[in-house]
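Student: model_9.csv (CSV, C-alpha atoms and all ligand atoms) pasted underneath:
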chain,number,residue,atom,x,y,z
A,514,MET,CA,0.0,0.0,0.0
A,515,THR,CA,2.7,2.5,-0.8
A,516,GLN,CA,0.6,4.1,-3.5
A,517,PRO,CA,-3.1,4.7,-2.7
A,518,ASP,CA,-5.8,3.4,-5.1
A,519,THR,CA,-7.4,6.8,-5.1
A,520,ALA,CA,-5.2,9.6,-6.4
A,521,ALA,CA,-4.8,12.5,-3.9
A,522,SER,CA,-7.5,15.0,-4.5
A,523,GLY,CA,-7.2,18.7,-4.1
A,524,LEU,CA,-10.0,20.6,-2.3
A,525,THR,CA,-11.5,23.9,-3.2
A,526,ILE,CA,-13.5,25.6,-0.5
A,527,GLN,CA,-15.7,28.3,-1.9
A,528,ARG,CA,-17.4,31.0,0.3
A,529,LEU,CA,-18.6,28.7,3.1
A,530,VAL,CA,-21.0,30.2,5.6
A,531,LYS,CA,-22.1,28.3,8.7
A,532,GLN,CA,-24.2,29.9,11.4
A,533,TYR,CA,-25.2,28.6,14.9
A,534,GLY,CA,-27.9,31.0,16.1
A,535,GLU,CA,-26.3,34.4,16.3
A,536,THR,CA,-22.8,33.0,16.0
A,537,TYR,CA,-21.0,32.7,12.6
A,538,ALA,CA,-18.8,29.7,12.9
A,539,LEU,CA,-17.7,30.3,9.3
A,540,LYS,CA,-18.0,33.7,7.6
A,541,ASP,CA,-17.4,33.4,3.9
A,542,VAL,CA,-14.4,31.0,4.0
A,543,SER,CA,-12.6,30.3,0.7
A,544,LEU,CA,-9.5,28.2,0.6
A,545,GLU,CA,-7.5,26.2,-2.0
A,546,ILE,CA,-6.0,23.0,-0.7
A,547,PRO,CA,-3.5,21.6,-3.3
A,548,ALA,CA,-3.6,17.8,-4.1
A,549,GLY,CA,-1.0,16.0,-2.0
A,550,SER,CA,-0.3,18.9,0.3
A,551,PHE,CA,-0.1,18.9,4.1
A,552,THR,CA,-2.5,21.8,4.8
A,553,THR,CA,-3.0,22.9,8.4
A,554,LEU,CA,-6.0,24.9,9.7
A,555,LEU,CA,-4.6,26.9,12.6
A,556,GLY,CA,-6.4,29.2,14.9
A,557,PRO,CA,-7.4,29.9,18.5
A,558,SER,CA,-10.1,27.9,20.2
A,559,GLY,CA,-13.6,28.7,18.9
A,560,SER,CA,-12.2,30.2,15.6
A,561,GLY,CA,-14.1,27.7,13.3
A,562,LYS,CA,-11.4,25.1,12.5
A,563,THR,CA,-13.5,22.1,13.5
A,564,THR,CA,-16.5,23.5,11.7
A,565,LEU,CA,-14.5,23.8,8.5
A,566,LEU,CA,-13.0,20.3,8.8
A,567,MET,CA,-16.5,18.8,9.6
A,568,SER,CA,-17.9,20.6,6.6
A,569,ILE,CA,-15.2,19.1,4.4
A,570,ALA,CA,-16.0,15.7,6.0
A,571,GLY,CA,-19.7,16.1,5.3
A,572,PHE,CA,-20.8,15.9,9.0
A,573,THR,CA,-21.7,19.7,9.0
A,574,ARG,CA,-23.8,21.3,6.4
A,575,PRO,CA,-22.9,24.9,5.6
A,576,GLU,CA,-25.7,27.3,4.8
A,577,THR,CA,-24.1,28.5,1.6
A,578,GLY,CA,-20.9,27.9,-0.3
A,579,ARG,CA,-19.4,24.9,-2.2
A,580,ILE,CA,-16.8,22.3,-1.6
A,581,LEU,CA,-15.0,20.7,-4.6
A,582,ALA,CA,-12.8,17.6,-4.4
A,583,GLY,CA,-10.7,17.0,-7.5
A,584,GLY,CA,-12.9,19.5,-9.3
A,585,ARG,CA,-16.1,17.6,-8.4
A,586,ASP,CA,-18.8,19.3,-6.4
A,587,ILE,CA,-19.3,17.3,-3.2
A,588,THR,CA,-21.3,19.8,-1.2
A,589,GLY,CA,-24.4,17.7,-1.1
A,590,LEU,CA,-22.7,14.3,-0.6
A,591,PRO,CA,-23.1,12.4,2.7
A,592,PRO,CA,-19.8,11.7,4.6
A,593,GLU,CA,-19.5,8.0,3.5
A,594,LYS,CA,-19.8,9.0,-0.2
A,595,ARG,CA,-16.9,11.4,0.1
A,596,GLU,CA,-14.5,8.6,0.9
A,597,PHE,CA,-12.1,10.6,3.1
A,598,GLY,CA,-10.2,9.1,5.9
A,599,MET,CA,-10.7,10.7,9.3
A,600,VAL,CA,-8.7,10.8,12.6
A,601,PHE,CA,-10.4,12.6,15.4
A,602,GLN,CA,-9.3,13.8,18.8
A,603,GLY,CA,-9.1,10.8,21.2
A,604,TYR,CA,-8.9,7.4,19.6
A,605,ALA,CA,-12.4,5.9,20.1
A,606,LEU,CA,-11.1,2.4,19.5
A,607,PHE,CA,-13.4,-0.6,20.3
A,608,PRO,CA,-12.0,-2.0,23.5
A,609,HIS,CA,-13.2,-5.6,22.8
A,610,LEU,CA,-11.6,-5.8,19.4
A,611,THR,CA,-7.9,-6.4,18.7
A,612,VAL,CA,-5.8,-3.9,16.8
A,613,ALA,CA,-6.4,-5.8,13.6
A,614,GLY,CA,-10.1,-6.1,14.4
A,615,ASN,CA,-10.3,-2.3,14.9
A,616,VAL,CA,-8.5,-1.5,11.7
A,617,GLY,CA,-10.6,-4.0,9.7
A,618,PHE,CA,-13.9,-3.2,11.3
A,619,ALA,CA,-15.3,-0.9,8.6
A,620,LEU,CA,-14.2,-3.3,5.9
A,621,LYS,CA,-16.1,-6.1,7.6
A,622,LEU,CA,-19.2,-3.8,7.9
A,623,ARG,CA,-19.0,-3.4,4.1
A,624,ARG,CA,-18.8,-7.1,3.7
A,625,ARG,CA,-15.4,-7.2,2.0
A,626,SER,CA,-13.9,-10.6,1.5
A,627,ARG,CA,-11.8,-12.1,4.3
A,628,SER,CA,-8.7,-12.2,2.1
A,629,GLU,CA,-9.2,-8.5,1.1
A,630,ILE,CA,-9.6,-7.5,4.7
A,631,ALA,CA,-6.5,-9.4,5.7
A,632,THR,CA,-4.4,-7.8,3.0
A,633,ARG,CA,-5.6,-4.3,3.6
A,634,VAL,CA,-5.3,-4.5,7.4
A,635,ALA,CA,-1.8,-5.9,7.1
A,636,ALA,CA,-0.8,-3.1,4.7
A,637,ALA,CA,-2.4,-0.3,6.9
A,638,LEU,CA,-0.6,-1.7,10.0
A,639,ASP,CA,2.6,-1.9,8.2
A,640,LEU,CA,2.3,1.8,7.3
A,641,VAL,CA,2.1,2.8,10.9
A,642,GLN,CA,4.6,0.2,12.0
A,643,LEU,CA,2.3,-1.7,14.2
A,644,SER,CA,2.2,-5.1,12.4
A,645,HIS,CA,3.8,-6.8,15.5
A,646,LEU,CA,1.0,-5.7,17.7
A,647,ALA,CA,-1.9,-6.8,15.5
A,648,ASP,CA,-3.3,-9.2,18.1
A,649,ARG,CA,-3.2,-6.9,21.1
A,650,TYR,CA,-6.2,-5.1,22.6
A,651,PRO,CA,-6.3,-1.3,22.9
A,652,ARG,CA,-5.8,-1.5,26.7
A,653,GLN,CA,-2.4,-3.2,26.1
A,654,LEU,CA,-1.2,-0.2,24.0
A,655,SER,CA,0.4,3.1,24.9
A,656,GLY,CA,-1.3,6.4,23.9
A,657,GLY,CA,0.9,6.8,20.9
A,658,GLN,CA,0.3,3.3,19.7
A,659,GLN,CA,-3.5,3.7,20.1
A,660,GLN,CA,-3.3,6.9,18.0
A,661,ARG,CA,-1.4,4.9,15.3
A,662,VAL,CA,-4.2,2.3,15.3
A,663,ALA,CA,-6.6,5.2,14.7
A,664,LEU,CA,-4.4,6.3,11.8
A,665,ALA,CA,-4.3,2.8,10.3
A,666,ARG,CA,-8.1,2.6,10.6
A,667,ALA,CA,-8.4,5.8,8.6
A,668,LEU,CA,-5.9,4.6,6.0
A,669,VAL,CA,-7.4,1.2,5.4
A,670,PHE,CA,-9.6,2.4,2.6
A,671,GLU,CA,-6.6,4.1,1.0
A,672,PRO,CA,-8.3,7.5,0.9
A,673,GLY,CA,-7.1,10.3,-1.3
A,674,VAL,CA,-7.8,12.8,1.5
A,675,LEU,CA,-7.1,12.4,5.2
A,676,LEU,CA,-8.8,14.7,7.7
A,677,LEU,CA,-7.1,15.0,11.1
A,678,ASP,CA,-8.6,16.9,14.0
A,679,GLU,CA,-6.0,17.6,16.7
A,680,PRO,CA,-4.9,14.0,16.6
A,681,LEU,CA,-1.9,14.5,18.9
A,682,SER,CA,-3.5,16.7,21.5
A,683,ALA,CA,-4.0,13.9,24.1
A,684,LEU,CA,-0.3,12.9,24.0
A,685,ASP,CA,2.5,14.1,26.2
A,686,LYS,CA,5.2,16.4,24.8
A,687,SER,CA,7.9,14.0,23.7
A,688,LEU,CA,5.5,11.4,22.3
A,689,ARG,CA,3.9,14.2,20.4
A,690,ALA,CA,7.1,15.3,18.9
A,691,ASP,CA,7.9,11.7,17.8
A,692,LEU,CA,4.5,11.3,16.2
A,693,GLN,CA,4.8,14.7,14.4
A,694,TRP,CA,7.9,13.3,12.6
A,695,GLU,CA,6.1,10.1,11.9
A,696,LEU,CA,3.0,11.8,10.5
A,697,LYS,CA,5.2,14.0,8.3
A,698,ALA,CA,7.0,10.9,7.0
A,699,LEU,CA,3.7,9.1,6.4
A,700,HIS,CA,2.4,12.0,4.5
A,701,ALA,CA,5.5,12.0,2.3
A,702,ARG,CA,5.2,8.2,1.7
A,703,LEU,CA,1.5,8.2,0.9
A,704,GLY,CA,1.4,11.4,-1.1
A,705,VAL,CA,-2.3,11.9,-0.2
A,706,THR,CA,-3.8,15.3,0.8
A,707,PHE,CA,-3.7,15.9,4.6
A,708,VAL,CA,-6.0,18.5,6.2
A,709,TYR,CA,-4.8,18.9,9.8
A,710,VAL,CA,-6.5,20.9,12.5
A,711,THR,CA,-4.4,22.3,15.4
A,712,HIS,CA,-4.2,25.3,17.7
A,713,ASP,CA,-0.5,24.6,18.3
A,714,GLN,CA,1.6,27.0,16.2
A,715,GLU,CA,4.8,25.1,16.5
A,716,GLU,CA,3.1,22.0,15.3
A,717,ALA,CA,1.7,23.9,12.4
A,718,LEU,CA,5.0,25.5,11.4
A,719,SER,CA,6.9,22.3,11.6
A,720,MET,CA,4.6,20.0,9.7
A,721,SER,CA,2.7,21.9,7.0
A,722,ASP,CA,3.2,22.8,3.4
A,723,GLN,CA,0.5,25.3,3.8
A,724,ILE,CA,-1.1,26.9,6.8
A,725,ALA,CA,-4.5,28.7,6.8
A,726,ILE,CA,-4.8,31.0,9.8
A,727,ILE,CA,-8.4,31.1,11.0
A,728,ARG,CA,-9.8,33.8,13.2
A,729,ALA,CA,-13.5,34.3,14.1
A,730,GLY,CA,-14.7,32.2,11.2
A,731,GLU,CA,-12.4,33.8,8.6
A,732,VAL,CA,-9.2,32.7,6.9
A,733,VAL,CA,-7.0,35.8,7.6
A,734,GLN,CA,-4.0,34.6,5.7
A,735,SER,CA,-2.8,31.4,4.1
A,736,GLY,CA,0.6,30.4,2.8
A,737,ALA,CA,3.8,28.4,3.4
A,738,PRO,CA,5.0,28.4,7.1
A,739,ALA,CA,8.0,30.6,6.3
A,740,GLU,CA,5.9,33.1,4.3
A,741,LEU,CA,3.4,33.5,7.2
A,742,TYR,CA,6.2,33.8,9.8
A,743,ASP,CA,8.3,36.3,7.8
A,744,ARG,CA,5.6,38.2,6.1
A,745,PRO,CA,2.5,38.3,8.4
A,746,LYS,CA,-0.1,40.7,7.0
A,747,THR,CA,-1.8,41.6,10.3
A,748,HIS,CA,-1.0,42.3,13.9
A,749,PHE,CA,-3.0,39.2,14.9
A,750,ILE,CA,-0.9,36.9,12.7
A,751,ALA,CA,2.4,38.4,13.8
A,752,ASP,CA,1.3,37.7,17.4
A,753,PHE,CA,-0.3,34.4,16.9
A,754,LEU,CA,2.5,32.8,15.0
A,755,GLY,CA,5.5,33.4,17.2
A,756,ARG,CA,6.3,36.6,19.0
A,757,SER,CA,6.9,40.1,17.8
A,758,ASN,CA,7.9,43.6,19.0
A,759,TYR,CA,5.8,46.5,17.7
A,760,VAL,CA,6.6,50.1,16.9
A,761,GLU,CA,3.5,52.2,16.6
A,762,GLY,CA,3.7,55.7,15.1
A,763,THR,CA,3.2,57.9,12.1
A,764,VAL,CA,4.7,57.3,8.7
A,765,ALA,CA,7.1,59.9,7.4
A,766,ARG,CA,9.7,60.1,4.6
A,767,ARG,CA,13.4,60.8,5.2
A,768,ASP,CA,15.7,61.1,2.2
A,769,GLY,CA,12.9,59.5,0.2
A,770,ARG,CA,12.8,56.4,2.5
A,771,PRO,CA,9.9,55.5,4.7
A,772,VAL,CA,10.3,55.7,8.5
A,773,ILE,CA,7.9,55.6,11.4
A,774,GLU,CA,8.1,58.5,13.9
A,775,ALA,CA,7.4,57.3,17.4
A,776,ALA,CA,8.3,58.8,20.7
A,777,GLY,CA,10.8,61.1,19.1
A,778,GLN,CA,12.6,58.2,17.3
A,779,LEU,CA,12.8,57.6,13.6
A,780,VAL,CA,12.5,53.9,12.8
A,781,PRO,CA,13.3,52.8,9.2
A,782,VAL,CA,10.7,50.6,7.6
A,783,PRO,CA,11.1,48.4,4.5
A,784,GLU,CA,9.8,50.0,1.3
A,785,CYS,CA,6.7,47.9,0.3
A,786,ALA,CA,3.1,48.3,-0.9
A,787,ALA,CA,1.9,47.9,2.7
A,788,VAL,CA,3.5,51.2,3.8
A,789,PRO,CA,0.7,53.8,4.4
A,790,ALA,CA,1.0,57.3,3.0
A,791,ALA,CA,3.1,59.9,5.0
A,792,GLY,CA,1.1,61.2,8.0
A,793,ARG,CA,-0.9,58.0,8.4
A,794,PRO,CA,-0.6,55.7,11.4
A,795,ALA,CA,1.3,52.4,11.0
A,796,ILE,CA,2.5,49.4,13.0
A,797,LEU,CA,5.9,47.8,12.4
A,798,ALA,CA,6.4,44.3,13.7
A,799,ILE,CA,10.0,43.0,14.4
A,800,ARG,CA,10.8,39.4,15.4
A,801,PRO,CA,12.8,39.1,18.6
A,802,GLU,CA,15.5,37.0,16.9
A,803,LYS,CA,16.1,39.6,14.2
A,804,ILE,CA,17.4,42.2,16.6
A,805,THR,CA,21.1,42.6,17.5
A,806,VAL,CA,22.2,44.0,20.8
A,807,ARG,CA,25.5,45.7,21.8
A,808,PRO,CA,26.6,47.6,24.9
A,809,ASP,CA,25.7,51.3,24.4
A,810,ASP,CA,28.8,53.4,23.8
A,811,GLY,CA,26.7,56.4,22.8
A,812,GLN,CA,27.7,56.1,19.2
A,813,GLY,CA,26.3,54.7,16.0
A,814,PRO,CA,22.8,53.8,15.0
A,815,GLY,CA,20.2,51.9,17.0
A,816,LEU,CA,17.6,52.3,19.6
A,817,PRO,CA,19.0,52.9,23.2
A,818,GLY,CA,17.5,50.9,26.0
A,819,ARG,CA,18.2,49.4,29.4
A,820,LEU,CA,18.3,45.7,30.1
A,821,SER,CA,15.3,45.1,32.5
A,822,ALA,CA,15.4,41.2,32.6
A,823,TRP,CA,16.9,38.3,30.9
A,824,SER,CA,16.7,34.5,31.0
A,825,TYR,CA,19.4,32.1,30.0
A,826,LEU,CA,17.8,29.3,27.9
A,827,GLY,CA,20.9,27.4,26.8
A,828,ALA,CA,20.9,27.9,23.1
A,829,THR,CA,19.6,31.5,23.4
A,830,ILE,CA,19.4,34.3,25.9
A,831,SER,CA,16.0,35.9,26.1
A,832,CYS,CA,16.2,39.6,27.0
A,833,ARG,CA,13.8,42.3,27.9
A,834,VAL,CA,15.0,45.8,27.1
A,835,ALA,CA,13.2,49.0,28.2
A,836,THR,CA,13.2,51.6,25.5
A,837,ASP,CA,11.4,54.9,24.6
A,838,LEU,CA,9.3,52.8,22.3
A,839,GLY,CA,8.2,50.4,25.0
A,840,GLU,CA,9.7,47.1,26.2
A,841,PHE,CA,11.5,45.0,23.5
A,842,HIS,CA,11.9,41.2,23.6
A,843,VAL,CA,15.1,40.1,22.0
A,844,HIS,CA,16.4,36.5,21.5
A,845,LEU,CA,20.1,36.2,21.1
A,846,PRO,CA,22.0,33.1,20.2
A,847,THR,CA,24.1,32.5,23.3
A,848,TRP,CA,27.3,32.1,21.3
A,849,GLN,CA,26.8,35.5,19.7
A,850,ALA,CA,25.9,37.5,22.7
A,851,ALA,CA,28.5,40.3,22.8
A,852,PHE,CA,27.9,41.3,26.4
A,853,GLU,CA,27.7,39.9,29.9
A,854,PRO,CA,24.2,40.8,31.1
A,855,GLN,CA,24.0,43.2,34.0
A,856,PRO,CA,20.8,44.6,35.5
A,857,GLY,CA,20.0,48.1,34.0
A,858,GLN,CA,22.8,47.8,31.5
A,859,ALA,CA,22.7,50.4,28.8
A,860,LEU,CA,22.3,48.7,25.4
A,861,ARG,CA,21.6,49.6,21.8
A,862,LEU,CA,19.2,47.5,19.7
A,863,ASP,CA,19.6,47.4,16.0
A,864,TRP,CA,18.0,45.6,13.1
A,865,PRO,CA,18.1,46.0,9.3
A,866,PRO,CA,15.0,47.8,7.9
A,867,GLU,CA,14.0,44.7,6.0
A,868,ALA,CA,13.7,42.7,9.3
A,869,GLY,CA,10.6,44.7,10.1
A,870,ARG,CA,7.1,44.2,8.5
A,871,ILE,CA,4.3,46.7,8.3
A,872,VAL,CA,1.2,44.9,9.7
A,873,ARG,CA,-2.4,45.9,9.5
A,874,ASP,CA,-4.1,46.8,12.8
A,875,ASP,CA,-6.7,44.1,13.3
A,876,ARG,CA,-6.6,44.0,17.2
A,901,LIG,P1,-12.5,25.5,16.8
A,901,LIG,O1,-12.5,24.2,16.2
A,901,LIG,O2,-11.6,26.5,16.1
A,901,LIG,O3,-12.3,25.5,18.3
A,901,LIG,P2,-15.4,25.4,16.3
A,901,LIG,O4,-15.5,25.2,14.8
A,901,LIG,O5,-15.6,24.2,17.1
A,901,LIG,O6,-14.0,26.1,16.6
A,901,LIG,O7,-16.4,26.5,16.7
A,901,LIG,C1,-16.6,27.8,16.0
A,901,LIG,C2,-17.7,28.5,16.7
A,901,LIG,O8,-19.0,27.9,16.5
A,901,LIG,C3,-17.6,28.6,18.2
A,901,LIG,O9,-18.1,29.9,18.6
A,901,LIG,C4,-18.5,27.5,18.7
A,901,LIG,O10,-19.0,27.8,20.0
A,901,LIG,C5,-19.6,27.5,17.7
A,901,LIG,N1,-20.2,26.2,17.5
A,901,LIG,C6,-19.5,25.1,17.0
A,901,LIG,N2,-20.3,24.0,16.9
A,901,LIG,C7,-21.5,24.4,17.4
A,901,LIG,C8,-22.8,23.8,17.6
A,901,LIG,N3,-23.0,22.5,17.3
A,901,LIG,N4,-23.8,24.5,18.1
A,901,LIG,C9,-23.6,25.8,18.5
A,901,LIG,N5,-22.5,26.5,18.3
A,901,LIG,C10,-21.4,25.8,17.8
Can you present the structure in this file as structure tokens?
Ligand code: ADP
Tutor:
Amino acid sequence: MTQPDTAASGLTIQRLVKQYGETYALKDVSLEIPAGSFTTLLGPSGSGKTTLLMSIAGFTRPETGRILAGGRDITGLPPEKREFGMVFQGYALFPHLTVAGNVGFALKLRRRSRSEIATRVAAALDLVQLSHLADRYPRQLSGGQQQRVALARALVFEPGVLLLDEPLSALDKSLRADLQWELKALHARLGVTFVYVTHDQEEALSMSDQIAIIRAGEVVQSGAPAELYDRPKTHFIADFLGRSNYVEGTVARRDGRPVIEAAGQLVPVPECAAVPAAGRPAILAIRPEKITVRPDDGQGPGLPGRLSAWSYLGATISCRVATDLGEFHVHLPTWQAAFEPQPGQALRLDWPPEAGRIVRDDR
């Protein structure tokens, strides 16, 4: 079962709206999910991720909008006709059936032949590396193994699309990290489309080809992880995906280049389409790891500040620096830190203009 029967389908989500009473769980959601991609729906709790995944699965009926799979309109199809694999939160394995029994259960219901069931179950268990535990019962398995049985159960029909709703949320941190690697490798081996729901930003960044960031029933930005991290469009995205420092002020021009005037400082900003006209308010977001720090000798460029707190984290030192523009968070690689931290120490913060991004204010 290295190649699925069904070729991976891409999904097209067009203008989905789903309302529960006064609440819009989905407000006009459109999204392109490329065939064979690992696409993650990421957003805070209550943002609409599960509603979107359940709409794709067919368990939730949106009021308006369409869903296409491989170009075919599936909006009106019941879940079983969509032939997608699903892995939910929790494992929901049958306790009285063995691992093989659990994986083959749906095939048995559909009255597939014994030999077909045996072949498919063996192949699915092989995929998740559980062949040696086929005769065990769920209670004899660890949490990670149970989750792999749930995966095998979803893969036994060789679906072209696999829908996963926070499948690792019940596992402890190190097991979770192991299974993240495994899932990624499984995705690469199978080549099928994965649609993965999580509220964990690191998980989304490390696993996905594409992330759609969902907030209050809307996709606010979608793209490759590095694109979203390096070029967040809004304050919410810069804050939700990693950490940022913000400079808020008014746009001005100096020698033809854009700057933000804030608290008597002129902060250079990268020239781009998102820079508002001179005189308009703007927010500049700067990632903590893109800032360099040196002891303040009263010379040269940079923003003066005083070290208010720091924390040694092994690979990095995390510093808080009080400046006229507010408190800055800076992450320095330990081996590069050019100073011995002292409380209240005078420092200069500096970063190249292109390290900053103008973000839209959507707070
Ligand atoms: P997420 O998966 O991002 O946590 P959900 O899709 O579960 O978010 O929920 C989105 C919004 O829709 C929330 O405000 C939630 O309370 C509401 N909602 C979801 N399902 C139902 C339901 N069956 N009945 C009423 N409200 C619901």
Student: Taking only C-alpha atoms into account, which of A:Ser757, A:Thr552, A:Thr805, A:Thr706 comes nearest Ile871 of chain A?
Tutor: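 Counting only C-alpha atoms, the residue closest to Ile871 of chain A is A:Ser757.
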Student: Taking all atoms listed in the file into account, which residues have an atom no farther than 7 Å from ligand LIG 901 (chain A)? I'd like them as number ranges by chain.
Tutor: A: 533, 536-538, 556-565, 730
Student: Pick from A:Gly762, A:Trp823, A:Arg689, A:Thr553: nearest to Gln714 of chain A, with all atoms listed in the file counted?
Tutor: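 For Gln714 of chain A, the nearest of the given residues is A:Thr553.
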Student: Please list as a VMD selection string every residue within 10 Å of Phe597 of chain A, counting all atoms listed in the file and excluding residues in the same chain fewer than 4 positions away.
Tutor: chain A and resid 522 569 to 571 592 to 593 667 to 668 670 to 676 706
Student: Measuring atom to atom with only C-alpha atoms, identify which of A:Asn758, A:Met567, A:Arg767, A:Arg873 is nearest to Gly839 of chain A.
Tutor: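 For Gly839 of chain A, the nearest of the candidates is A:Asn758.
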Student: Could you give me, as a list in words, the residues within 10 Å of Phe551 of chain A, counting only C-alpha atoms and dropping anything in the same chain fewer than 5 positions from it?
Tutor: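 Counting only the stated atoms, we get Ile546, Leu675, Lys697, His700, Ala701, Gly704, Val705, Thr706, Phe707, Val708, Tyr709, Ala717, Met720, Ser721, Asp722, Gln723 and Ile724 of chain A.
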Student: Which one is closest to His609 of chain A: A:Gly813, A:Tyr650, A:Glu731, A:Asp691? Count all atoms listed in the file.
Tutor: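 Among A:Gly813, A:Tyr650, A:Glu731, A:Asp691, it is A:Tyr650 that comes nearest to His609 of chain A.
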Student: Is it possible to get the residues within 12 Å of (-2.5, 42.1, 9.9) (coordinates as in the file, counting all atoms listed in the file) written as a count of residues only?
Tutor: 29
Student: Please identify all polymer residues within 12 Å of Phe841 of chain A, counting only C-alpha atoms, omitting same-chain residues fewer than 6 positions from it, and present them as a JSON list (two decimals) with C-alpha atoms, in the coordinates of the input.
Tutor:
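See result-v2.json below for the written result:
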[["chain", "number", "residue", "atom", "x", "y", "z"],
["A", 756, "ARG", "CA", 6.30, 36.60, 19.00],
["A", 757, "SER", "CA", 6.90, 40.10, 17.80],
["A", 758, "ASN", "CA", 7.90, 43.60, 19.00],
["A", 759, "TYR", "CA", 5.80, 46.50, 17.70],
["A", 760, "VAL", "CA", 6.60, 50.10, 16.90],
["A", 798, "ALA", "CA", 6.40, 44.30, 13.70],
["A", 799, "ILE", "CA", 10.00, 43.00, 14.40],
["A", 800, "ARG", "CA", 10.80, 39.40, 15.40],
["A", 801, "PRO", "CA", 12.80, 39.10, 18.60],
["A", 802, "GLU", "CA", 15.50, 37.00, 16.90],
["A", 803, "LYS", "CA", 16.10, 39.60, 14.20],
["A", 804, "ILE", "CA", 17.40, 42.20, 16.60],
["A", 805, "THR", "CA", 21.10, 42.60, 17.50],
["A", 806, "VAL", "CA", 22.20, 44.00, 20.80],
["A", 816, "LEU", "CA", 17.60, 52.30, 19.60],
["A", 817, "PRO", "CA", 19.00, 52.90, 23.20],
["A", 818, "GLY", "CA", 17.50, 50.90, 26.00],
["A", 819, "ARG", "CA", 18.20, 49.40, 29.40],
["A", 820, "LEU", "CA", 18.30, 45.70, 30.10],
["A", 821, "SER", "CA", 15.30, 45.10, 32.50],
["A", 822, "ALA", "CA", 15.40, 41.20, 32.60],
["A", 823, "TRP", "CA", 16.90, 38.30, 30.90],
["A", 831, "SER", "CA", 16.00, 35.90, 26.10],
["A", 832, "CYS", "CA", 16.20, 39.60, 27.00],
["A", 833, "ARG", "CA", 13.80, 42.30, 27.90],
["A", 834, "VAL", "CA", 15.00, 45.80, 27.10],
["A", 835, "ALA", "CA", 13.20, 49.00, 28.20],
["A", 860, "LEU", "CA", 22.30, 48.70, 25.40],
["A", 861, "ARG", "CA", 21.60, 49.60, 21.80],
["A", 862, "LEU", "CA", 19.20, 47.50, 19.70],
["A", 863, "ASP", "CA", 19.60, 47.40, 16.00]]
Student: Could you please determine the separation between atom CA of Val710 of chain A and atom CA of Glu679 of chain A in Å, to one decimal place?
Tutor: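 Rounded to one decimal, the two atoms are 5.4 Å apart.
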Student: Which residues are close to Arg661 of chain A, i.e. within 10 Å by all atoms listed in the file, leaving aside same-chain residues fewer than 2 positions away? Reply as a list in words.
Tutor: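 Neighbouring residues, sequence-local ones excluded: Val600, Tyr604, Val612, Ala637, Leu638, Leu640, Val641, Gln642, Leu643, Ser655, Gly656, Gly657, Gln658, Gln659, Ala663, Leu664, Ala665, Arg666, Ala667, Pro680, Leu692, Glu695 and Leu696 of chain A.
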Student: Restricting the calculation to only C-alpha atoms, which member of A:Val669, A:Lys686, A:Asp768, A:Met599 is positioned closest to Lys621 of chain A?
Tutor: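 Checking each candidate against Lys621 of chain A, we get A:Val669 as the closest.
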